[in-house]
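Here's run06.tsv, which has TSV, C-alpha atoms and all ligand atoms:
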chain	number	residue	atom	x	y	z
L	2	MET	CA	10.24	-48.05	42.10
L	3	PRO	CA	6.55	-47.90	41.07
L	4	PHE	CA	5.43	-44.49	39.81
L	5	PRO	CA	4.20	-42.53	42.86
L	6	ARG	CA	0.46	-41.95	42.99
L	7	THR	CA	0.43	-39.08	45.46
L	8	SER	CA	2.89	-36.70	47.09
L	9	HIS	CA	2.93	-39.13	50.05
L	10	ASP	CA	4.84	-41.62	47.86
L	11	ILE	CA	7.51	-39.38	46.25
L	12	PRO	CA	11.12	-39.83	47.42
L	13	THR	CA	12.32	-36.61	49.07
L	14	PRO	CA	13.66	-34.02	48.76
L	15	ALA	CA	11.56	-33.37	45.67
L	16	LEU	CA	10.33	-30.39	43.71
L	17	LEU	CA	6.57	-30.32	43.22
L	18	LEU	CA	5.03	-28.37	40.36
L	19	ASP	CA	1.32	-27.61	40.49
L	20	ARG	CA	0.20	-27.92	36.87
L	21	ILE	CA	-3.00	-25.93	37.28
L	22	VAL	CA	-1.33	-22.97	38.96
L	23	LEU	CA	1.48	-23.09	36.38
L	24	GLU	CA	-0.90	-22.93	33.43
L	25	ARG	CA	-2.92	-20.15	35.08
L	26	ASN	CA	0.24	-18.06	35.53
L	27	ILE	CA	1.31	-18.68	31.93
L	28	ILE	CA	-2.09	-17.66	30.56
L	29	ALA	CA	-2.34	-14.56	32.78
L	30	MET	CA	1.02	-13.17	31.58
L	31	ALA	CA	0.27	-14.07	27.94
L	32	ASP	CA	-3.08	-12.28	28.18
L	33	LYS	CA	-1.61	-9.20	29.83
L	34	THR	CA	1.18	-8.89	27.27
L	35	ALA	CA	-1.23	-9.33	24.36
L	36	ARG	CA	-3.64	-6.77	25.87
L	37	LEU	CA	-0.81	-4.24	26.16
L	38	GLY	CA	0.17	-4.90	22.55
L	39	ALA	CA	3.60	-6.59	22.83
L	40	ARG	CA	5.14	-10.01	22.15
L	41	LEU	CA	6.14	-12.31	25.01
L	42	ARG	CA	9.62	-13.85	24.95
L	43	PRO	CA	9.68	-15.57	28.36
L	44	HIS	CA	12.92	-16.18	30.24
L	45	VAL	CA	13.23	-19.96	30.59
L	46	LYS	CA	16.04	-19.82	33.16
L	47	THR	CA	13.33	-20.00	35.84
L	48	HIS	CA	12.13	-23.46	34.80
L	49	LYS	CA	14.79	-24.88	32.39
L	50	CYS	CA	12.07	-27.30	31.29
L	51	LEU	CA	10.96	-28.17	27.75
L	52	GLU	CA	7.39	-29.00	28.78
L	53	VAL	CA	6.97	-25.61	30.48
L	54	GLY	CA	8.52	-23.87	27.47
L	55	ARG	CA	6.10	-25.69	25.15
L	56	LEU	CA	3.18	-24.63	27.34
L	57	GLN	CA	4.36	-21.02	27.10
L	58	ARG	CA	4.64	-21.38	23.33
L	59	ARG	CA	1.18	-22.93	23.09
L	60	HIS	CA	-0.14	-19.86	24.89
L	61	GLY	CA	1.48	-17.45	22.45
L	62	ALA	CA	5.12	-16.97	23.47
L	63	ALA	CA	7.19	-15.76	20.52
L	64	GLY	CA	10.72	-17.05	21.07
L	65	ILE	CA	12.47	-17.62	24.40
L	66	THR	CA	15.13	-15.95	26.53
L	67	VAL	CA	17.96	-17.94	28.15
L	68	SER	CA	20.72	-17.25	30.67
L	69	THR	CA	23.41	-19.71	29.50
L	70	ILE	CA	24.62	-21.05	26.19
L	71	VAL	CA	23.94	-24.59	27.46
L	72	GLU	CA	20.29	-23.68	28.09
L	73	ALA	CA	20.18	-22.19	24.58
L	74	ARG	CA	21.59	-25.41	23.09
L	75	ASP	CA	19.27	-27.68	25.07
L	76	PHE	CA	16.18	-25.79	23.94
L	77	ALA	CA	17.48	-25.49	20.37
L	78	ASP	CA	17.95	-29.28	20.30
L	79	HIS	CA	14.23	-29.59	21.04
L	80	GLY	CA	12.71	-27.30	18.46
L	81	PHE	CA	13.05	-23.79	19.96
L	82	ASP	CA	14.50	-21.80	17.09
L	83	ASP	CA	14.42	-18.14	18.17
L	84	ILE	CA	16.53	-17.60	21.28
L	85	THR	CA	17.83	-14.48	23.02
L	86	TRP	CA	20.79	-15.00	25.34
L	87	ALA	CA	20.16	-12.09	27.72
L	88	VAL	CA	23.52	-11.92	29.49
L	89	PRO	CA	26.44	-9.74	28.35
L	90	LEU	CA	28.18	-12.11	25.95
L	91	PRO	CA	30.98	-14.06	27.68
L	92	LEU	CA	33.83	-14.01	25.15
L	93	SER	CA	34.94	-17.45	26.38
L	94	ARG	CA	31.87	-19.02	24.67
L	95	LEU	CA	32.22	-17.54	21.18
L	96	ASP	CA	32.87	-20.88	19.43
L	97	GLU	CA	29.66	-22.30	20.90
L	98	VAL	CA	27.75	-19.16	19.92
L	99	VAL	CA	28.86	-19.47	16.31
L	100	ALA	CA	28.01	-23.19	16.20
L	101	LEU	CA	24.51	-22.56	17.54
L	102	ALA	CA	23.91	-19.51	15.35
L	103	ARG	CA	24.39	-21.75	12.31
L	104	ARG	CA	21.34	-23.82	13.37
L	105	VAL	CA	18.83	-21.38	14.94
L	106	THR	CA	18.21	-17.65	15.30
L	107	LEU	CA	20.44	-16.88	18.27
L	108	ARG	CA	20.39	-13.30	19.50
L	109	VAL	CA	23.32	-12.37	21.73
L	110	THR	CA	23.48	-9.38	24.07
L	111	VAL	CA	26.37	-6.93	23.94
L	112	GLU	CA	27.17	-3.75	25.84
L	113	SER	CA	30.91	-3.19	25.29
L	114	VAL	CA	33.18	-2.32	22.38
L	115	GLU	CA	35.15	-5.49	23.14
L	116	ALA	CA	32.12	-7.75	22.76
L	117	VAL	CA	30.88	-6.01	19.60
L	118	GLU	CA	34.30	-6.37	17.99
L	119	ALA	CA	34.70	-9.99	19.10
L	120	VAL	CA	31.32	-11.15	17.87
L	121	ALA	CA	31.72	-9.31	14.56
L	122	ARG	CA	35.16	-10.91	14.13
L	123	VAL	CA	33.96	-14.49	14.72
L	124	ALA	CA	30.87	-13.96	12.55
L	125	LYS	CA	33.09	-12.76	9.70
L	126	ALA	CA	35.47	-15.69	10.10
L	127	ALA	CA	32.51	-18.11	10.08
L	128	GLY	CA	30.87	-16.41	7.10
L	129	ILE	CA	27.59	-15.79	8.95
L	130	ARG	CA	25.61	-12.81	10.26
L	131	MET	CA	24.94	-12.73	14.00
L	132	HIS	CA	21.95	-11.11	15.70
L	133	ALA	CA	22.79	-8.79	18.61
L	134	TRP	CA	20.85	-6.71	21.13
L	135	LEU	CA	22.43	-3.69	22.79
L	136	GLU	CA	21.82	-3.87	26.53
L	137	VAL	CA	20.76	-0.62	28.16
L	138	ASP	CA	20.95	0.18	31.87
L	139	CYS	CA	17.49	1.51	32.79
L	140	GLY	CA	18.36	2.08	36.47
L	141	TYR	CA	19.28	-1.36	37.85
L	142	HIS	CA	23.01	-0.58	37.45
L	143	ARG	CA	24.07	-4.21	36.93
L	144	SER	CA	25.16	-4.08	33.30
L	145	GLY	CA	24.20	-2.31	30.09
L	146	VAL	CA	25.22	0.99	28.57
L	147	ASP	CA	24.21	4.30	30.12
L	148	PRO	CA	21.69	5.71	27.63
L	149	VAL	CA	22.69	9.32	28.28
L	150	LEU	CA	26.36	8.86	27.39
L	151	PRO	CA	27.36	9.77	23.81
L	152	ALA	CA	29.49	6.58	23.68
L	153	SER	CA	26.32	4.50	23.99
L	154	ALA	CA	24.83	6.06	20.84
L	155	VAL	CA	28.16	5.50	19.07
L	156	LEU	CA	28.05	1.80	20.02
L	157	ALA	CA	24.44	1.50	18.79
L	158	ARG	CA	25.39	3.11	15.46
L	159	ARG	CA	28.33	0.74	15.13
L	160	LEU	CA	26.02	-2.25	15.66
L	161	ALA	CA	23.47	-0.93	13.20
L	162	GLN	CA	26.12	-0.33	10.53
L	163	SER	CA	28.03	-3.59	11.02
L	164	GLU	CA	28.27	-5.88	8.00
L	165	GLN	CA	28.50	-8.98	10.17
L	166	LEU	CA	25.81	-8.16	12.71
L	167	THR	CA	22.06	-7.74	12.55
L	168	PHE	CA	21.14	-5.13	15.14
L	169	ASP	CA	18.01	-6.37	16.93
L	170	GLY	CA	17.48	-3.27	19.07
L	171	LEU	CA	17.62	-2.26	22.74
L	172	LEU	CA	17.22	-4.70	25.61
L	173	THR	CA	16.90	-3.87	29.30
L	174	HIS	CA	15.97	-5.60	32.58
L	175	ALA	CA	14.65	-3.69	35.60
L	176	GLY	CA	16.11	-5.95	38.29
L	177	HIS	CA	15.71	-3.09	40.77
L	178	SER	CA	11.94	-3.80	40.67
L	179	TYR	CA	12.80	-6.50	43.25
L	180	SER	CA	13.75	-3.88	45.84
L	181	ALA	CA	10.66	-1.72	45.28
L	182	PRO	CA	8.80	-1.79	48.62
L	183	ASP	CA	5.22	-1.67	47.31
L	184	ALA	CA	3.01	-1.62	44.23
L	185	ALA	CA	3.36	2.15	43.77
L	186	ALA	CA	7.17	1.86	43.79
L	187	ARG	CA	7.00	-1.06	41.34
L	188	ALA	CA	4.84	1.05	39.03
L	189	ARG	CA	7.52	3.79	39.12
L	190	VAL	CA	10.23	1.25	38.21
L	191	ALA	CA	8.04	-0.17	35.42
L	192	LYS	CA	7.53	3.32	33.98
L	193	GLN	CA	11.25	4.04	34.21
L	194	GLU	CA	12.12	0.72	32.54
L	195	ARG	CA	9.84	1.52	29.61
L	196	GLU	CA	10.52	5.22	29.31
L	197	VAL	CA	14.32	5.14	29.60
L	198	THR	CA	14.56	2.50	26.88
L	199	THR	CA	11.94	3.84	24.46
L	200	ALA	CA	13.33	7.38	24.83
L	201	PHE	CA	16.83	6.15	23.93
L	202	ALA	CA	15.37	4.28	20.95
L	203	GLU	CA	13.62	7.46	19.80
L	204	ARG	CA	16.81	9.55	20.13
L	205	LEU	CA	18.74	6.99	18.09
L	206	ARG	CA	16.04	6.87	15.40
L	207	ALA	CA	16.00	10.68	15.22
L	208	ASP	CA	19.78	10.51	14.63
L	209	GLY	CA	19.30	8.04	11.78
L	210	VAL	CA	20.10	4.82	13.65
L	211	PRO	CA	17.36	2.27	12.93
L	212	VAL	CA	16.25	0.50	16.14
L	213	PRO	CA	14.17	-2.51	15.08
L	214	ALA	CA	12.82	-3.38	18.54
L	215	VAL	CA	12.73	-2.58	22.26
L	216	SER	CA	12.75	-5.52	24.71
L	217	ILE	CA	12.11	-5.05	28.44
L	218	GLY	CA	10.76	-7.01	31.37
L	219	SER	CA	10.99	-8.48	34.83
L	220	THR	CA	8.22	-10.19	36.80
L	221	PRO	CA	7.66	-7.42	39.41
L	222	SER	CA	7.75	-4.63	36.82
L	223	MET	CA	5.40	-6.55	34.50
L	224	ALA	CA	2.96	-6.96	37.39
L	225	ALA	CA	2.82	-3.17	37.68
L	226	MET	CA	3.05	-2.35	33.94
L	227	ASP	CA	0.05	-0.44	32.58
L	228	SER	CA	1.44	0.56	29.18
L	229	LEU	CA	3.86	-1.00	26.73
L	230	ALA	CA	3.75	1.89	24.27
L	231	GLY	CA	6.97	1.84	22.25
L	232	VAL	CA	7.89	-1.64	23.52
L	233	ASP	CA	7.95	-4.60	21.12
L	234	GLU	CA	8.52	-7.53	23.48
L	235	VAL	CA	8.78	-8.43	27.16
L	236	ARG	CA	10.91	-11.09	28.85
L	237	PRO	CA	9.58	-11.96	32.33
L	238	GLY	CA	10.66	-15.36	33.70
L	239	ASN	CA	9.81	-15.89	37.35
L	240	TYR	CA	6.04	-15.40	36.81
L	241	VAL	CA	5.58	-19.03	35.75
L	242	PHE	CA	6.28	-20.20	39.31
L	243	TYR	CA	6.51	-17.08	41.52
L	244	ASP	CA	7.85	-17.74	45.07
L	245	TRP	CA	7.94	-16.34	48.61
L	246	MET	CA	9.90	-13.27	47.48
L	247	GLN	CA	7.12	-12.31	45.02
L	248	SER	CA	4.31	-13.34	47.32
L	249	ALA	CA	5.66	-11.49	50.38
L	250	ALA	CA	6.11	-8.34	48.30
L	251	GLY	CA	2.52	-8.54	47.02
L	252	VAL	CA	3.46	-9.20	43.37
L	253	CYS	CA	1.29	-12.35	43.53
L	254	ALA	CA	-0.93	-14.17	46.02
L	255	PRO	CA	0.45	-17.20	47.94
L	256	GLY	CA	-1.93	-19.33	45.84
L	257	ASP	CA	-0.10	-18.28	42.66
L	258	VAL	CA	3.14	-20.00	43.73
L	259	ALA	CA	3.40	-23.11	41.55
L	260	VAL	CA	6.47	-24.89	42.98
L	261	SER	CA	7.22	-26.21	46.44
L	262	VAL	CA	9.89	-28.41	47.97
L	263	LEU	CA	8.62	-31.64	49.45
L	264	THR	CA	10.78	-32.82	52.34
L	265	THR	CA	10.70	-35.36	55.18
L	266	VAL	CA	11.42	-34.89	58.88
L	267	ILE	CA	14.58	-36.95	59.55
L	268	SER	CA	15.39	-35.95	63.14
L	269	HIS	CA	13.59	-34.45	66.11
L	270	GLN	CA	15.43	-34.65	69.43
L	271	ASP	CA	13.34	-33.77	72.50
L	272	ALA	CA	15.99	-31.51	73.98
L	273	LEU	CA	16.34	-29.45	70.80
L	274	PRO	CA	13.93	-26.70	69.71
L	275	HIS	CA	13.88	-27.76	66.07
L	276	ALA	CA	13.17	-30.65	63.75
L	277	ILE	CA	15.51	-31.51	60.88
L	278	VAL	CA	14.21	-32.10	57.35
L	279	ASP	CA	16.04	-33.54	54.34
L	280	ALA	CA	15.96	-30.26	52.38
L	281	GLY	CA	19.12	-28.24	52.92
L	282	ALA	CA	21.01	-25.72	50.85
L	283	LEU	CA	21.20	-28.11	47.89
L	284	ALA	CA	17.42	-28.30	47.75
L	285	LEU	CA	16.28	-24.81	48.73
L	286	SER	CA	19.35	-22.73	47.81
L	287	LYS	CA	20.54	-20.08	50.26
L	288	ASP	CA	18.67	-17.18	48.74
L	289	PRO	CA	17.68	-14.96	51.69
L	290	GLY	CA	14.33	-14.08	50.10
L	291	PRO	CA	12.63	-10.70	50.34
L	292	GLY	CA	14.86	-7.62	50.28
L	293	ASP	CA	12.80	-6.21	53.17
L	294	ALA	CA	14.14	-8.08	56.22
L	295	ALA	CA	10.75	-7.73	57.97
L	296	LEU	CA	9.22	-10.01	55.31
L	297	ARG	CA	11.85	-12.74	55.55
L	298	ARG	CA	10.92	-16.21	56.76
L	299	GLY	CA	14.34	-17.79	56.98
L	300	LEU	CA	15.08	-19.97	53.97
L	301	GLY	CA	11.41	-20.46	53.27
L	302	PRO	CA	7.98	-20.63	54.92
L	303	VAL	CA	6.32	-23.99	55.42
L	304	TYR	CA	2.87	-24.95	54.11
L	305	ALA	CA	0.12	-26.12	56.42
L	306	GLY	CA	-0.48	-29.26	54.31
L	307	LEU	CA	0.72	-31.30	51.36
L	308	ALA	CA	-1.72	-29.48	49.06
L	309	GLY	CA	-3.19	-25.98	49.07
L	310	ALA	CA	-1.71	-22.54	49.60
L	311	ALA	CA	-2.19	-22.02	53.36
L	312	LEU	CA	1.09	-21.39	55.20
L	313	ASP	CA	1.89	-22.55	58.71
L	314	PRO	CA	2.02	-19.22	60.58
L	315	ARG	CA	4.55	-20.48	63.13
L	316	VAL	CA	7.39	-22.44	61.56
L	317	ASN	CA	9.94	-21.77	58.82
L	318	ILE	CA	13.14	-23.34	57.57
L	319	SER	CA	15.32	-21.13	59.74
L	320	HIS	CA	18.69	-22.18	58.34
L	321	VAL	CA	20.36	-24.98	56.42
L	322	SER	CA	23.49	-27.00	56.02
L	323	GLN	CA	24.19	-28.87	52.82
L	324	GLU	CA	21.48	-31.55	53.16
L	325	HIS	CA	19.82	-30.55	56.47
L	326	GLY	CA	17.10	-27.97	56.97
L	327	PHE	CA	16.25	-26.63	60.44
L	328	LEU	CA	12.48	-26.47	60.91
L	329	GLU	CA	11.63	-24.15	63.76
L	330	GLY	CA	9.52	-21.32	65.11
L	331	PRO	CA	10.03	-18.65	67.76
L	332	GLU	CA	9.02	-21.12	70.55
L	333	ALA	CA	10.12	-24.75	71.08
L	334	ALA	CA	6.38	-25.57	71.29
L	335	ASP	CA	6.02	-24.55	67.64
L	336	VAL	CA	7.78	-27.81	66.74
L	337	ARG	CA	7.67	-30.06	69.83
L	338	GLY	CA	4.82	-32.55	69.55
L	339	ARG	CA	3.81	-31.20	66.15
L	340	PHE	CA	6.38	-32.94	63.92
L	341	ARG	CA	7.59	-36.54	64.02
L	342	VAL	CA	10.30	-38.35	62.12
L	343	GLY	CA	8.76	-39.49	58.84
L	344	ASP	CA	6.31	-36.58	58.55
L	345	ARG	CA	6.26	-34.83	55.19
L	346	VAL	CA	6.50	-31.06	54.99
L	347	ARG	CA	6.24	-28.72	52.03
L	348	VAL	CA	8.35	-25.56	51.79
L	349	MET	CA	7.67	-22.50	49.64
L	350	PRO	CA	10.97	-21.51	48.01
L	351	ASN	CA	12.34	-18.04	48.67
L	352	HIS	CA	13.49	-17.79	45.05
L	353	SER	CA	12.06	-20.40	42.70
L	354	CYS	CA	14.62	-19.83	39.89
L	355	LEU	CA	17.46	-20.90	42.19
L	356	THR	CA	15.51	-23.70	43.87
L	357	ALA	CA	14.48	-25.24	40.53
L	358	ALA	CA	18.11	-25.25	39.41
L	359	MET	CA	18.92	-27.53	42.39
L	360	PHE	CA	16.74	-30.39	41.09
L	361	ASP	CA	16.83	-32.84	38.18
L	362	GLU	CA	13.05	-33.02	37.70
L	363	TYR	CA	9.65	-31.65	38.62
L	364	TRP	CA	6.99	-33.93	40.03
L	365	VAL	CA	3.94	-32.49	38.32
L	366	VAL	CA	0.98	-32.60	40.69
L	367	GLU	CA	-2.67	-31.64	40.90
L	368	ASP	CA	-3.45	-31.26	44.59
L	369	GLU	CA	-1.75	-34.35	46.05
L	370	ARG	CA	-2.06	-36.47	42.89
L	371	VAL	CA	1.12	-37.05	40.87
L	372	MET	CA	0.43	-36.53	37.16
L	373	ASP	CA	3.86	-36.55	35.51
L	374	ARG	CA	7.60	-36.02	35.83
L	375	TRP	CA	9.41	-33.34	33.78
L	376	LYS	CA	13.18	-33.04	33.37
L	377	ILE	CA	15.04	-29.89	34.44
L	378	TRP	CA	17.81	-29.14	31.91
L	379	ARG	CA	20.30	-27.67	34.34
L	380	GLY	CA	23.58	-28.49	32.66
L	381	ARG	CA	26.18	-25.77	32.66
W	401	LIG	N1	15.84	-10.44	31.41
W	401	LIG	C1	17.02	-10.49	32.03
W	401	LIG	C2	18.22	-9.91	31.37
W	401	LIG	C3	17.14	-11.05	33.30
W	401	LIG	O1	18.33	-11.09	33.91
W	401	LIG	C4	15.98	-11.59	33.92
W	401	LIG	C5	16.07	-12.18	35.25
W	401	LIG	O2	17.04	-12.16	35.93
W	401	LIG	C6	14.76	-11.52	33.23
W	401	LIG	C7	14.72	-10.95	31.97
W	401	LIG	C8	13.49	-12.07	33.84
W	401	LIG	O3	13.18	-11.43	35.04
W	401	LIG	P1	12.16	-12.07	36.09
W	401	LIG	O4	12.68	-13.39	36.45
W	401	LIG	O5	12.08	-11.10	37.19
W	401	LIG	O6	10.86	-12.18	35.38

As a first step, turn the structure in this file into structure tokens.
Amino acid sequence: MPFPRTSHDIPTPALLLDRIVLERNIIAMADKTARLGARLRPHVKTHKCLEVGRLQRRHGAAGITVSTIVEARDFADHGFDDITWAVPLPLSRLDEVVALARRVTLRVTVESVEAVEAVARVAKAAGIRMHAWLEVDCGYHRSGVDPVLPASAVLARRLAQSEQLTFDGLLTHAGHSYSAPDAAARARVAKQEREVTTAFAERLRADGVPVPAVSIGSTPSMAAMDSLAGVDEVRPGNYVFYDWMQSAAGVCAPGDVAVSVLTTVISHQDALPHAIVDAGALALSKDPGPGDAALRRGLGPVYAGLAGAALDPRVNISHVSQEHGFLEGPEAADVRGRFRVGDRVRVMPNHSCLTAAMFDEYWVVEDERVMDRWKIWRGR
């Protein structure tokens, strides 16, 4: 197949990445973080792409954050040598952790006595020191120690005093920023994320436990963050691409969304009120999108054209099966006569991190022109 010249020539379903929007997003977050006086350690789980990671590094990122040990290994194999694995350490992957920690600075995340003991044990057996963050629950209530419980301070002291572990500090993620209904609520979550974690760090330091660093960050809370006092680094991920969830909530403008799914109409029967496109659950994912049901647009809104940020006000991908997407609006007339088999349609993903993980590559575009093709390292 000759290399496609425009998005009219790309085989579908395909994931388009707008290079200009991507770079703008990367620079904006780098600038904000630098202005607020912290380091940026972006979460690469959103893009799983070496070229995007290198762009982040070129614009000042100090280290990366990953969500799987395979992601850590893939990036380590390509020159990324300071990696935080920001998931409570799965004890089933300890051998791989030790092997990788011999080659690069790998910082694991722990929040249980079991994990602290296990990682200290394997580090001792391997004759190495392992870096470890203590995860703190700042209000999301997914994982992490409760900073007000005495047992949490005991665990921090144990990490700090361990002979096998280098205690990196406190790490938190305000995932509840995604359910904040507006900018004022996001600002409250951002303040809580920072204050809960820095206050715990200060209490530990006052009790003689050295806390080398505080690491926080999510895309919605970073959008609302106006101070990073007491914070050393931030780890947003989704901001490189954004998506309908962020755009509908007002975290970004529709024009800041850098990825879209390119799909083709494959069926449109006169008697039926929908058209079918070749982007189903294995292209878009089944993420329902915004937490506020009033902002949902099925499994993703549809763009008005193959380039640009304008959305078609009438039609969405209403639902999906594995490889089929239902394109429809409230009225049959929203589709009838407007879409024909062979037409190309672009969909804004509800949740770009999940959508990107469905594809093997990005088609890097500028408007409708295809510039490049970048691999997505999605092995598990
Ligand atoms: N840190 C941790 C621990 C996370 O789980 C995530 C995302 O899930 C992030 C950072 C990045 O958050 P976001 O994608 O909202 O920027």

> Do you know which residues are within 6 Å of ligand LIG 401 (chain W) using only C-alpha atoms and all ligand atoms? Can you write them as an MDAnalysis selection string?
Replying inline: chainID L and resid 44 87:88 174 218:220 236:240

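Closest to L:Leu107 among L:Ser144, L:Ser93, L:Thr69, L:Ser222 is L:Thr69, based on all atoms listed in the file.
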
Quick one: which stretch 12-115 of chain L residues come within 12 Å of stretch 284-303 of chain L, and what is the nearest atom pair for each with the distance in Å to one decimal, counting all atoms listed in the file, rows ordered by chain and ascending number, as a tab-separated table?
residue	atom	partner	partner_atom	distance
L:Thr13	CA	L:Ala284	CA	9.8
L:Pro14	CA	L:Ala284	CA	6.9
L:Ala15	CA	L:Ala284	CA	8.0
L:Leu16	CA	L:Ala284	CA	8.4
L:Leu17	CA	L:Ala284	CA	11.9

Serialized selection, C-alpha atoms, as a PDB file, in the frame of the given file:
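The file below, again-v9.pdb, is the result:
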ATOM      1  CA  THR L  13      12.320 -36.610  49.070  1.00  0.00           C
ATOM      2  CA  PRO L  14      13.660 -34.020  48.760  1.00  0.00           C
ATOM      3  CA  ALA L  15      11.560 -33.370  45.670  1.00  0.00           C
ATOM      4  CA  LEU L  16      10.330 -30.390  43.710  1.00  0.00           C
ATOM      5  CA  LEU L  17       6.570 -30.320  43.220  1.00  0.00           C
TER       6      LEU L  17
END

Within 12 Å of stretch 357-381 of chain L, which residues of stretch 240-327 of chain L come that close, and what is the closest atom pair and distance in Å for each? Count all atoms listed in the file and give it as CSV.
residue,atom,partner,partner_atom,distance
L:Val241,CA,L:Ala357,CA,11.9
L:Phe242,CA,L:Ala357,CA,9.7
L:Tyr243,CA,L:Ala357,CA,11.4
L:Asp244,CA,L:Ala357,CA,11.0
L:Ala259,CA,L:Val366,CA,9.8
L:Val260,CA,L:Ala357,CA,8.4
L:Ser261,CA,L:Ala357,CA,9.4
L:Val262,CA,L:Ala357,CA,9.3
L:Leu263,CA,L:Trp364,CA,9.8
L:Ala280,CA,L:Met359,CA,10.8
L:Gly281,CA,L:Met359,CA,10.6
L:Ala282,CA,L:Met359,CA,8.9
L:Leu283,CA,L:Met359,CA,6.0
L:Ala284,CA,L:Met359,CA,5.6
L:Leu285,CA,L:Met359,CA,7.4
L:Ser286,CA,L:Met359,CA,7.3
L:Lys287,CA,L:Met359,CA,11.0
L:Gly306,CA,L:Glu369,CA,9.8
L:Leu307,CA,L:Glu369,CA,6.6
L:Ala308,CA,L:Asp368,CA,5.1
L:Gly309,CA,L:Asp368,CA,6.9
L:Ala310,CA,L:Asp368,CA,10.2
L:Gln323,CA,L:Met359,CA,11.8
L:Glu324,CA,L:Met359,CA,11.8

> Quick one: residues within 10 Å of L:Gln165, all atoms listed in the file counted, chain neighbours fewer than 3 positions away excluded, as a ChimeraX atom specification?
Replying inline: /L:120-132,160-162,168

> Using only C-alpha atoms, which residue out of L:Leu328, L:Ala249, L:Ile21, L:Ala184 lies closest to L:Val278?
Replying inline: L:Leu328

>> I'd like to know which of L:Ala100, L:Ala116, L:Leu41, L:Cys50 is closest to L:Ile65, using only C-alpha atoms.
In response: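 Residue with the minimum atom-to-atom distance to L:Ile65: L:Leu41.
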
> Of the candidates L:Leu23, L:Gly326, L:Val99, L:Asp233, which one gets nearest to L:His48 if we count all atoms listed in the file?
Replying inline: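 Nearest to L:His48: L:Leu23.
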
>> Counting all atoms listed in the file, I want the residues whose atoms come within 12 Å of (-2.7, -7.0, 24.6) in the file frame, returned as a list in words.
In response: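 Here is the list of nearby residues: Ala29, Met30, Ala31, Asp32, Lys33, Thr34, Ala35, Arg36, Leu37, Gly38, Ala39, Arg40, Leu41, Gly61, Met226, Asp227, Ser228, Leu229, Ala230, Val232, Asp233, Glu234 and Val235 of chain L.
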
Centre, x/y/z edge lengths, axis-aligned box for stretch 49-52 of chain L with 8 Å per side, as lines of an AutoDock Vina configuration file:
center_x = 11.1
center_y = -26.9
center_z = 30.1
size_x = 23.4
size_y = 20.1
size_z = 20.6
